[in-house]
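Participant: Input target.cif, format and content: mmCIF, C-alpha atoms.
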```cif
data_structure
loop_
_atom_site.label_atom_id
_atom_site.label_comp_id
_atom_site.auth_asym_id
_atom_site.auth_seq_id
_atom_site.Cartn_x
_atom_site.Cartn_y
_atom_site.Cartn_z
CA MET A 1 -23.31 31.86 -1.32
CA THR A 2 -21.50 35.18 -1.21
CA LEU A 3 -18.57 35.45 -3.55
CA VAL A 4 -15.28 36.98 -2.49
CA ALA A 5 -14.71 40.19 -4.43
CA ASP A 6 -11.00 39.54 -4.71
CA PRO A 7 -10.08 35.84 -4.54
CA LYS A 8 -6.56 35.30 -3.27
CA ALA A 9 -4.97 34.02 -6.44
CA PRO A 10 -1.27 33.23 -6.48
CA ARG A 11 0.83 36.34 -6.97
CA PRO A 12 3.79 36.41 -9.34
CA PRO A 13 7.08 35.89 -7.51
CA ARG A 14 8.85 38.93 -6.15
CA GLY A 15 11.61 40.13 -8.43
CA GLY A 16 15.19 39.65 -7.37
CA PRO A 17 18.30 40.64 -9.26
CA GLY A 18 18.48 38.86 -12.61
CA ARG A 19 15.06 37.26 -12.21
CA ARG A 20 12.12 37.81 -14.48
CA THR A 21 9.47 39.17 -12.16
CA THR A 22 6.40 37.95 -13.99
CA ARG A 23 5.22 35.98 -16.95
CA GLY A 24 1.96 37.80 -17.29
CA ASN A 25 -1.22 36.17 -16.05
CA THR A 26 -0.38 32.56 -16.99
CA GLU A 27 -0.24 31.36 -13.37
CA LEU A 28 -3.56 33.04 -12.60
CA TYR A 29 -5.26 31.33 -15.56
CA GLY A 30 -3.71 28.03 -14.44
CA TRP A 31 -5.09 28.55 -10.94
CA ILE A 32 -8.59 29.23 -12.33
CA PHE A 33 -8.34 26.26 -14.71
CA MET A 34 -7.54 23.87 -11.83
CA ARG A 35 -10.76 24.87 -10.09
CA ALA A 36 -13.02 24.91 -13.15
CA SER A 37 -11.70 21.62 -14.56
CA GLY A 38 -11.78 20.11 -11.07
CA VAL A 39 -15.54 20.56 -10.83
CA LEU A 40 -16.10 19.09 -14.32
CA LEU A 41 -13.73 16.19 -13.58
CA LEU A 42 -15.63 15.36 -10.40
CA VAL A 43 -18.78 14.79 -12.49
CA LEU A 44 -16.98 13.04 -15.39
CA ILE A 45 -14.88 10.69 -13.24
CA PHE A 46 -17.62 9.82 -10.73
CA GLY A 47 -19.85 8.98 -13.72
CA HIS A 48 -17.06 6.91 -15.29
CA LEU A 49 -16.43 5.00 -12.05
CA PHE A 50 -20.12 4.38 -11.48
CA VAL A 51 -20.79 2.99 -14.97
CA ASN A 52 -17.59 0.90 -15.10
CA LEU A 53 -17.17 -0.32 -11.50
CA VAL A 54 -20.51 -0.10 -9.70
CA ALA A 55 -23.31 -0.68 -12.24
CA GLY A 56 -23.92 -4.17 -13.61
CA ASP A 57 -21.14 -6.63 -12.81
CA GLY A 58 -18.50 -3.94 -12.22
CA VAL A 59 -14.90 -4.56 -13.19
CA LYS A 60 -15.72 -8.22 -13.99
CA ALA A 61 -17.85 -7.12 -16.95
CA ILE A 62 -15.19 -4.96 -18.62
CA ASP A 63 -13.79 -6.39 -21.84
CA PHE A 64 -13.40 -5.41 -25.49
CA GLY A 65 -17.13 -5.80 -26.11
CA PHE A 66 -17.95 -3.51 -23.16
CA VAL A 67 -15.66 -0.73 -24.44
CA ALA A 68 -16.93 -1.16 -28.00
CA GLY A 69 -20.51 -0.93 -26.77
CA LYS A 70 -19.78 2.34 -24.96
CA TRP A 71 -17.88 3.97 -27.82
CA ALA A 72 -20.63 3.06 -30.28
CA SER A 73 -22.36 6.08 -28.79
CA PRO A 74 -21.04 9.61 -29.45
CA PHE A 75 -22.14 10.45 -25.90
CA TRP A 76 -19.44 8.25 -24.32
CA GLN A 77 -16.88 9.26 -26.97
CA VAL A 78 -17.30 12.91 -26.02
CA TRP A 79 -17.42 12.02 -22.31
CA ASP A 80 -14.14 10.09 -22.49
CA LEU A 81 -12.46 12.67 -24.74
CA LEU A 82 -13.33 15.50 -22.33
CA MET A 83 -12.20 13.38 -19.40
CA LEU A 84 -8.89 12.57 -21.13
CA TRP A 85 -8.03 16.17 -22.01
CA LEU A 86 -9.21 17.81 -18.79
CA ALA A 87 -7.62 15.18 -16.54
CA MET A 88 -4.31 15.29 -18.42
CA ILE A 89 -4.09 19.10 -18.35
CA HIS A 90 -5.23 19.21 -14.69
CA GLY A 91 -2.78 16.46 -13.69
CA THR A 92 0.14 17.82 -15.72
CA ASN A 93 -0.33 21.27 -14.23
CA GLY A 94 -0.51 19.77 -10.73
CA VAL A 95 2.68 17.76 -11.18
CA ARG A 96 4.35 20.84 -12.74
CA THR A 97 3.56 22.77 -9.54
CA ILE A 98 5.02 19.97 -7.42
CA ILE A 99 8.20 19.86 -9.54
CA ASN A 100 8.56 23.64 -9.14
CA ASP A 101 8.16 23.28 -5.37
CA TYR A 102 10.56 20.45 -4.68
CA ALA A 103 13.16 20.29 -7.49
CA GLU A 104 15.59 23.00 -6.48
CA ARG A 105 18.26 22.72 -9.17
CA ASP A 106 17.44 24.40 -12.49
CA GLY A 107 18.71 21.37 -14.45
CA THR A 108 16.59 18.93 -12.44
CA ARG A 109 13.46 21.02 -12.98
CA LEU A 110 14.17 21.28 -16.70
CA VAL A 111 14.61 17.50 -17.13
CA LEU A 112 11.58 16.57 -14.99
CA LYS A 113 9.32 19.04 -16.77
CA GLY A 114 10.62 17.88 -20.15
CA LEU A 115 9.65 14.30 -19.25
CA LEU A 116 6.29 15.51 -17.92
CA TYR A 117 5.40 17.38 -21.12
CA LEU A 118 6.56 14.46 -23.24
CA ALA A 119 4.28 12.09 -21.28
CA PHE A 120 1.44 14.61 -21.66
CA ALA A 121 1.85 14.81 -25.44
CA VAL A 122 2.15 11.03 -25.93
CA VAL A 123 -0.85 10.15 -23.74
CA VAL A 124 -3.17 12.88 -25.04
CA ILE A 125 -2.39 12.23 -28.71
CA LEU A 126 -2.56 8.44 -28.33
CA GLY A 127 -5.79 8.57 -26.32
CA THR A 128 -7.47 10.96 -28.77
CA LEU A 129 -6.48 8.81 -31.75
CA VAL A 130 -7.78 5.68 -30.03
CA ILE A 131 -11.19 7.24 -29.34
CA PHE A 132 -11.61 8.46 -32.92
CA THR A 133 -10.03 5.62 -34.93
CA PHE A 134 -11.48 2.79 -32.83
CA ASP A 135 -12.96 -0.10 -34.83
CA PRO A 136 -15.55 -2.04 -32.78
CA CYS A 137 -15.64 -4.93 -35.27
CA PRO A 138 -12.06 -5.62 -36.43
CA ALA A 139 -11.97 -8.14 -39.32
CA GLY A 140 -10.74 -11.61 -38.47
CA SER A 141 -11.44 -11.43 -34.73
CA PRO A 142 -13.48 -14.21 -33.10
CA ALA A 143 -17.14 -13.15 -32.92
CA ASP A 144 -17.48 -14.07 -29.24
CA LEU A 145 -15.00 -11.33 -28.31
CA LEU A 146 -16.87 -8.65 -30.27
CA PRO A 147 -19.97 -6.66 -29.34
CA SER A 148 -23.20 -8.31 -30.47
CA PHE A 149 -23.99 -5.60 -33.05
CA CYS A 150 -21.01 -6.74 -35.21
CA THR A 151 -22.86 -9.85 -36.36
CA ALA A 152 -26.34 -8.33 -36.48
CA MET B 1 -1.59 21.14 6.44
CA TRP B 2 -2.16 17.39 6.34
CA SER B 3 -5.12 17.76 3.98
CA TRP B 4 -2.77 19.72 1.71
CA VAL B 5 -0.18 16.91 1.83
CA ALA B 6 -2.88 14.29 1.18
CA HIS B 7 -4.20 16.34 -1.76
CA ARG B 8 -0.74 16.34 -3.36
CA VAL B 9 -0.03 12.67 -2.68
CA THR B 10 -3.41 11.50 -4.02
CA GLY B 11 -3.05 13.85 -7.03
CA VAL B 12 0.31 12.38 -8.06
CA LEU B 13 -0.98 8.85 -7.52
CA ILE B 14 -4.04 9.47 -9.71
CA PHE B 15 -1.89 11.12 -12.41
CA PHE B 16 0.44 8.13 -12.73
CA PHE B 17 -2.49 5.74 -12.83
CA LEU B 18 -4.04 7.88 -15.58
CA LEU B 19 -0.91 7.50 -17.73
CA VAL B 20 -1.04 3.71 -17.35
CA HIS B 21 -4.81 3.59 -17.83
CA VAL B 22 -4.73 5.41 -21.19
CA LEU B 23 -1.96 3.06 -22.37
CA ASP B 24 -3.87 -0.10 -21.34
CA THR B 25 -7.08 1.18 -22.94
CA ALA B 26 -5.14 1.97 -26.13
CA LEU B 27 -4.78 -1.81 -26.59
CA VAL B 28 -8.37 -1.89 -27.95
CA ARG B 29 -6.68 -0.54 -31.09
CA VAL B 30 -4.30 -3.54 -31.22
CA SER B 31 -6.74 -6.45 -30.90
CA PRO B 32 -9.65 -7.62 -28.74
CA GLU B 33 -7.42 -10.41 -27.40
CA SER B 34 -4.63 -8.13 -26.16
CA TYR B 35 -7.11 -5.73 -24.54
CA ASN B 36 -8.92 -8.58 -22.80
CA ASP B 37 -5.59 -9.98 -21.57
CA VAL B 38 -4.58 -6.73 -19.91
CA ILE B 39 -8.00 -5.85 -18.52
CA GLY B 40 -8.10 -9.42 -17.16
CA THR B 41 -5.27 -8.49 -14.78
CA TYR B 42 -7.52 -5.74 -13.34
CA LYS B 43 -9.91 -8.46 -12.19
CA ASN B 44 -7.54 -10.38 -9.92
CA PRO B 45 -7.93 -9.81 -6.14
CA ILE B 46 -4.68 -7.85 -5.64
CA MET B 47 -5.53 -5.42 -8.44
CA GLY B 48 -9.07 -5.28 -7.06
CA LEU B 49 -7.70 -3.96 -3.76
CA GLY B 50 -5.51 -1.54 -5.72
CA GLU B 51 -8.64 -0.24 -7.50
CA ALA B 52 -10.32 0.26 -4.12
CA GLY B 53 -7.29 2.32 -3.03
CA LEU B 54 -7.36 4.29 -6.27
CA VAL B 55 -11.06 5.07 -5.89
CA ALA B 56 -10.41 6.15 -2.28
CA ALA B 57 -7.68 8.52 -3.52
CA ILE B 58 -9.99 9.94 -6.20
CA VAL B 59 -12.91 10.40 -3.80
CA PHE B 60 -10.76 12.23 -1.25
CA HIS B 61 -9.10 14.41 -3.92
CA ALA B 62 -12.51 15.28 -5.42
CA PHE B 63 -14.22 16.25 -2.14
CA ASN B 64 -11.19 18.05 -0.74
CA GLY B 65 -10.90 19.87 -4.10
CA VAL B 66 -14.44 21.19 -3.65
CA ARG B 67 -13.42 22.31 -0.15
CA ILE B 68 -10.42 24.19 -1.61
CA ILE B 69 -12.72 25.92 -4.13
CA LEU B 70 -15.08 26.96 -1.31
CA VAL B 71 -12.19 28.29 0.79
CA ASP B 72 -11.01 30.34 -2.22
CA PHE B 73 -14.32 31.68 -3.52
CA TRP B 74 -16.86 31.57 -0.69
CA ALA B 75 -16.61 34.56 1.66
CA LYS B 76 -17.11 32.33 4.72
CA GLY B 77 -14.91 29.55 3.31
CA PRO B 78 -11.75 30.33 5.31
CA LYS B 79 -13.80 30.55 8.54
CA TYR B 80 -15.35 27.13 7.97
CA GLN B 81 -12.34 25.38 6.43
CA LYS B 82 -11.88 23.07 9.41
CA VAL B 83 -15.58 22.17 9.60
CA MET B 84 -15.49 21.51 5.87
CA LEU B 85 -12.56 19.12 6.33
CA TRP B 86 -14.77 17.05 8.63
CA VAL B 87 -17.55 17.23 6.04
CA VAL B 88 -15.03 15.93 3.47
CA VAL B 89 -14.09 13.07 5.80
CA GLY B 90 -17.79 12.30 6.41
CA LEU B 91 -18.68 12.31 2.71
CA PHE B 92 -15.60 10.18 2.03
CA VAL B 93 -16.70 7.56 4.56
CA VAL B 94 -20.27 7.50 3.20
CA THR B 95 -19.12 7.23 -0.45
CA MET B 96 -16.62 4.47 0.31
CA ALA B 97 -19.22 2.62 2.41
CA GLY B 98 -21.41 2.60 -0.69
CA PHE B 99 -18.64 1.66 -3.09
CA LEU B 100 -16.47 -0.86 -1.24
CA PRO B 101 -18.96 -3.70 -0.55
CA ARG B 102 -20.22 -3.58 -4.15
CA HIS B 103 -16.71 -3.52 -5.65
CA LEU B 104 -15.31 -6.22 -3.33
CA MET B 105 -18.33 -8.36 -4.16
CA HIS B 106 -17.48 -8.01 -7.86
CA VAL B 107 -13.81 -8.80 -7.25
CA PHE B 108 -14.11 -11.60 -4.69
CA GLY B 109 -17.62 -12.90 -5.40
CA GLY B 110 -18.25 -15.94 -7.55
CA GLU B 111 -18.76 -15.76 -11.30
#
```
Please re-express this file's structure in C-alpha cells.
Facilitator:
Amino acid sequence: MTLVADPKAPRPPRGGPGRRTTRGNTELYGWIFMRASGVLLLVLIFGHLFVNLVAGDGVKAIDFGFVAGKWASPFWQVWDLLMLWLAMIHGTNGVRTIINDYAERDGTRLVLKGLLYLAFAVVVILGTLVIFTFDPCPAGSPADLLPSFCTA
Amino acid sequence: MWSWVAHRVTGVLIFFFLLVHVLDTALVRVSPESYNDVIGTYKNPIMGLGEAGLVAAIVFHAFNGVRIILVDFWAKGPKYQKVMLWVVVGLFVVTMAGFLPRHLMHVFGGE
C-alpha cells in the first residue's frame, strides 16, 4: 500500500472579517484521532459483540453473573475501559461535527454542544467508576444471581 | 454522497445507544436484581430486532469507516472509492448473514 505524501486533512476555515481564522491544529488532530480510534474500535466492538451476542447463548445468557464473570479478569476490564473512552471521544467528536454543520445559530450550537459535553462527562465518569468499583459478590444478594466463584 | 449520509445517520444512532448502554450497565453497581431486570428487556423479541438493527448500523459504520481511511491515506483510494463501496456492501451482507440467524435463534428460539 502506497501512502499519500500529503493526506487531504481538513483545512482551517478561511478568515472573514471578525472571525478567528484558526485554532491551531486541533481539527487536524481530531481528524487523525477519528481514523486511529476507528480502527481500534472496530476490533474492540466486533470482539465485544462476538463474545456477548454470538458465542454461547448470546443475549439470552447475559445477566449479572455474566458481567461479573467477565470483569473478574483484568483483560475484560481494560477492554471495556478502552472501548468506553475511545467510543465516547469518537462519538462525541462526530456529533460535535454534525452540530457544527447543521446548527446555524450561535446560541443553538452553544446549547447543543453544552449538552453533548455534559453527556460525555457523565457517561465517561460513571462508566469508569462502575468498571473499577464493581463488586461481583455484593453482600446480602441471593447466591443464585451471583457468579459461582462468590460461594467457592 | 449516500454512503456519507448513511455514515452520519448510523454514527448518531450508535452514539445514542452507547449513552443508554453505559447507563443500563451501570445498574450492576446498584444490585444484581435491578441489572437483571433491565437486561431482561433486551431479551424480548422487539428489542432483539432492535439489536439486529444496531449491529447492522455498527457493521456498516465500521466497514465504511475503513473505506474512508483508505480513501484518505491510500494513494489509489480515491480512484477505487466506488469499488470499495461495493466491497463494503458485500462484506456487510456476509457479516450480517453470519450474525442474523445466530442472533435471531437466540432471541426467538426456545429456552
Participant: Hey, which of B:Pro32, B:Trp86, B:Leu54, B:Pro45 ends up closest to Phe16 of chain B? Count all atoms listed in the file.
Facilitator: B:Leu54
Participant: Between B:Leu104, B:Arg8, B:Phe92, B:Gly109, which one has atoms that come closest to Met47 of chain B, using all atoms listed in the file?
Facilitator: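 Counting all atoms listed in the file, the residue closest to Met47 of chain B is B:Leu104.
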Participant: Could you expand the PyMOL selection byres ((chain A) within 9 of (chain B)) into the explicit residues it covers here, written as a VMD selection string?
Facilitator: chain A and resid 1 to 9 35 38 to 39 41 to 42 45 to 46 49 to 50 53 to 54 57 to 60 62 to 65 67 to 68 84 87 to 88 91 to 92 94 to 95 98 119 to 120 123 to 124 126 to 127 129 to 131 133 to 136 138 141 to 142 145 to 146
Participant: Next, dump the selected residues to file, keeping only C-alpha atoms, as a compact mmCIF listing (two decimals), in the coordinates of the input.
Facilitator:
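Final file, out-v7.txt:
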```txt
# COMPACT_ATOMS: atom_id res chain seq x y z
CA MET A 1 -23.31 31.86 -1.32
CA THR A 2 -21.50 35.18 -1.21
CA LEU A 3 -18.57 35.45 -3.55
CA VAL A 4 -15.28 36.98 -2.49
CA ALA A 5 -14.71 40.19 -4.43
CA ASP A 6 -11.00 39.54 -4.71
CA PRO A 7 -10.08 35.84 -4.54
CA LYS A 8 -6.56 35.30 -3.27
CA ALA A 9 -4.97 34.02 -6.44
CA ARG A 35 -10.76 24.87 -10.09
CA GLY A 38 -11.78 20.11 -11.07
CA VAL A 39 -15.54 20.56 -10.83
CA LEU A 41 -13.73 16.19 -13.58
CA LEU A 42 -15.63 15.36 -10.40
CA ILE A 45 -14.88 10.69 -13.24
CA PHE A 46 -17.62 9.82 -10.73
CA LEU A 49 -16.43 5.00 -12.05
CA PHE A 50 -20.12 4.38 -11.48
CA LEU A 53 -17.17 -0.32 -11.50
CA VAL A 54 -20.51 -0.10 -9.70
CA ASP A 57 -21.14 -6.63 -12.81
CA GLY A 58 -18.50 -3.94 -12.22
CA VAL A 59 -14.90 -4.56 -13.19
CA LYS A 60 -15.72 -8.22 -13.99
CA ILE A 62 -15.19 -4.96 -18.62
CA ASP A 63 -13.79 -6.39 -21.84
CA PHE A 64 -13.40 -5.41 -25.49
CA GLY A 65 -17.13 -5.80 -26.11
CA VAL A 67 -15.66 -0.73 -24.44
CA ALA A 68 -16.93 -1.16 -28.00
CA LEU A 84 -8.89 12.57 -21.13
CA ALA A 87 -7.62 15.18 -16.54
CA MET A 88 -4.31 15.29 -18.42
CA GLY A 91 -2.78 16.46 -13.69
CA THR A 92 0.14 17.82 -15.72
CA GLY A 94 -0.51 19.77 -10.73
CA VAL A 95 2.68 17.76 -11.18
CA ILE A 98 5.02 19.97 -7.42
CA ALA A 119 4.28 12.09 -21.28
CA PHE A 120 1.44 14.61 -21.66
CA VAL A 123 -0.85 10.15 -23.74
CA VAL A 124 -3.17 12.88 -25.04
CA LEU A 126 -2.56 8.44 -28.33
CA GLY A 127 -5.79 8.57 -26.32
CA LEU A 129 -6.48 8.81 -31.75
CA VAL A 130 -7.78 5.68 -30.03
CA ILE A 131 -11.19 7.24 -29.34
CA THR A 133 -10.03 5.62 -34.93
CA PHE A 134 -11.48 2.79 -32.83
CA ASP A 135 -12.96 -0.10 -34.83
CA PRO A 136 -15.55 -2.04 -32.78
CA PRO A 138 -12.06 -5.62 -36.43
CA SER A 141 -11.44 -11.43 -34.73
CA PRO A 142 -13.48 -14.21 -33.10
CA LEU A 145 -15.00 -11.33 -28.31
CA LEU A 146 -16.87 -8.65 -30.27
```
Participant: Could you work out an axis-aligned box for segment 40-47 of chain A, taking every atom the file lists and adding 3 Å on each side, and report centre and edge lengths in Å to one decimal, as lines of an AutoDock Vina configuration file?
Facilitator:
```
center_x = -16.8
center_y = 14.0
center_z = -12.9
size_x = 12.1
size_y = 16.1
size_z = 11.0
```
Participant: Between atom CA of Gln77 of chain A and atom CA of Leu49 of chain B, what is the distance in Å, rounded to a tenth?
Facilitator: 28.2 Å
Participant: Any idea what's packed within 7 Å of segment 107-113 of chain A, counting only C-alpha atoms, ignoring anything in its chain fewer than 6 positions away? Could you give it as a PyMOL selection string?
Facilitator: chain A and resi 96+99-100
Participant: For the selection you just gave me, I'd like the residues written to a file as a compact mmCIF listing (two decimals), in the frame of the given file, keeping C-alpha atoms.
Facilitator:
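As written to disk, part_4.txt reads:
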```
# COMPACT_ATOMS: atom_id res chain seq x y z
CA ARG A 96 4.35 20.84 -12.74
CA ILE A 99 8.20 19.86 -9.54
CA ASN A 100 8.56 23.64 -9.14
```
Participant: Would you mind reading off the distance between atom CA of His90 of chain A and atom CA of Ser37 of chain A, one decimal, in Å?
Facilitator: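 Taking atom CA of His90 of chain A as the start and atom CA of Ser37 of chain A as the end point, the length is 6.9 Å.
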Participant: Please report the interatomic distance between atom CA of Trp31 of chain A and atom CA of Trp85 of chain A in Å with one decimal.
Facilitator: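 We find that atom CA of Trp31 of chain A and atom CA of Trp85 of chain A lie 16.9 Å from each other.
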Participant: Residues picked by the PyMOL selection byres ((chain B and resi 88) around 8) here, as a count of residues only?
Facilitator: 12
Participant: Of the candidates A:Phe33, A:Leu40, A:Phe132, A:Phe66, which one gets nearest to Val78 of chain A if we count only C-alpha atoms?
Facilitator: A:Phe132
Participant: With distances taken over all atoms listed in the file, which of B:Ile46, B:Gln81, B:Ala56, B:Phe108 is nearest to Thr95 of chain B?
Facilitator: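 That would be B:Ala56, the residue with the smallest distance to Thr95 of chain B.
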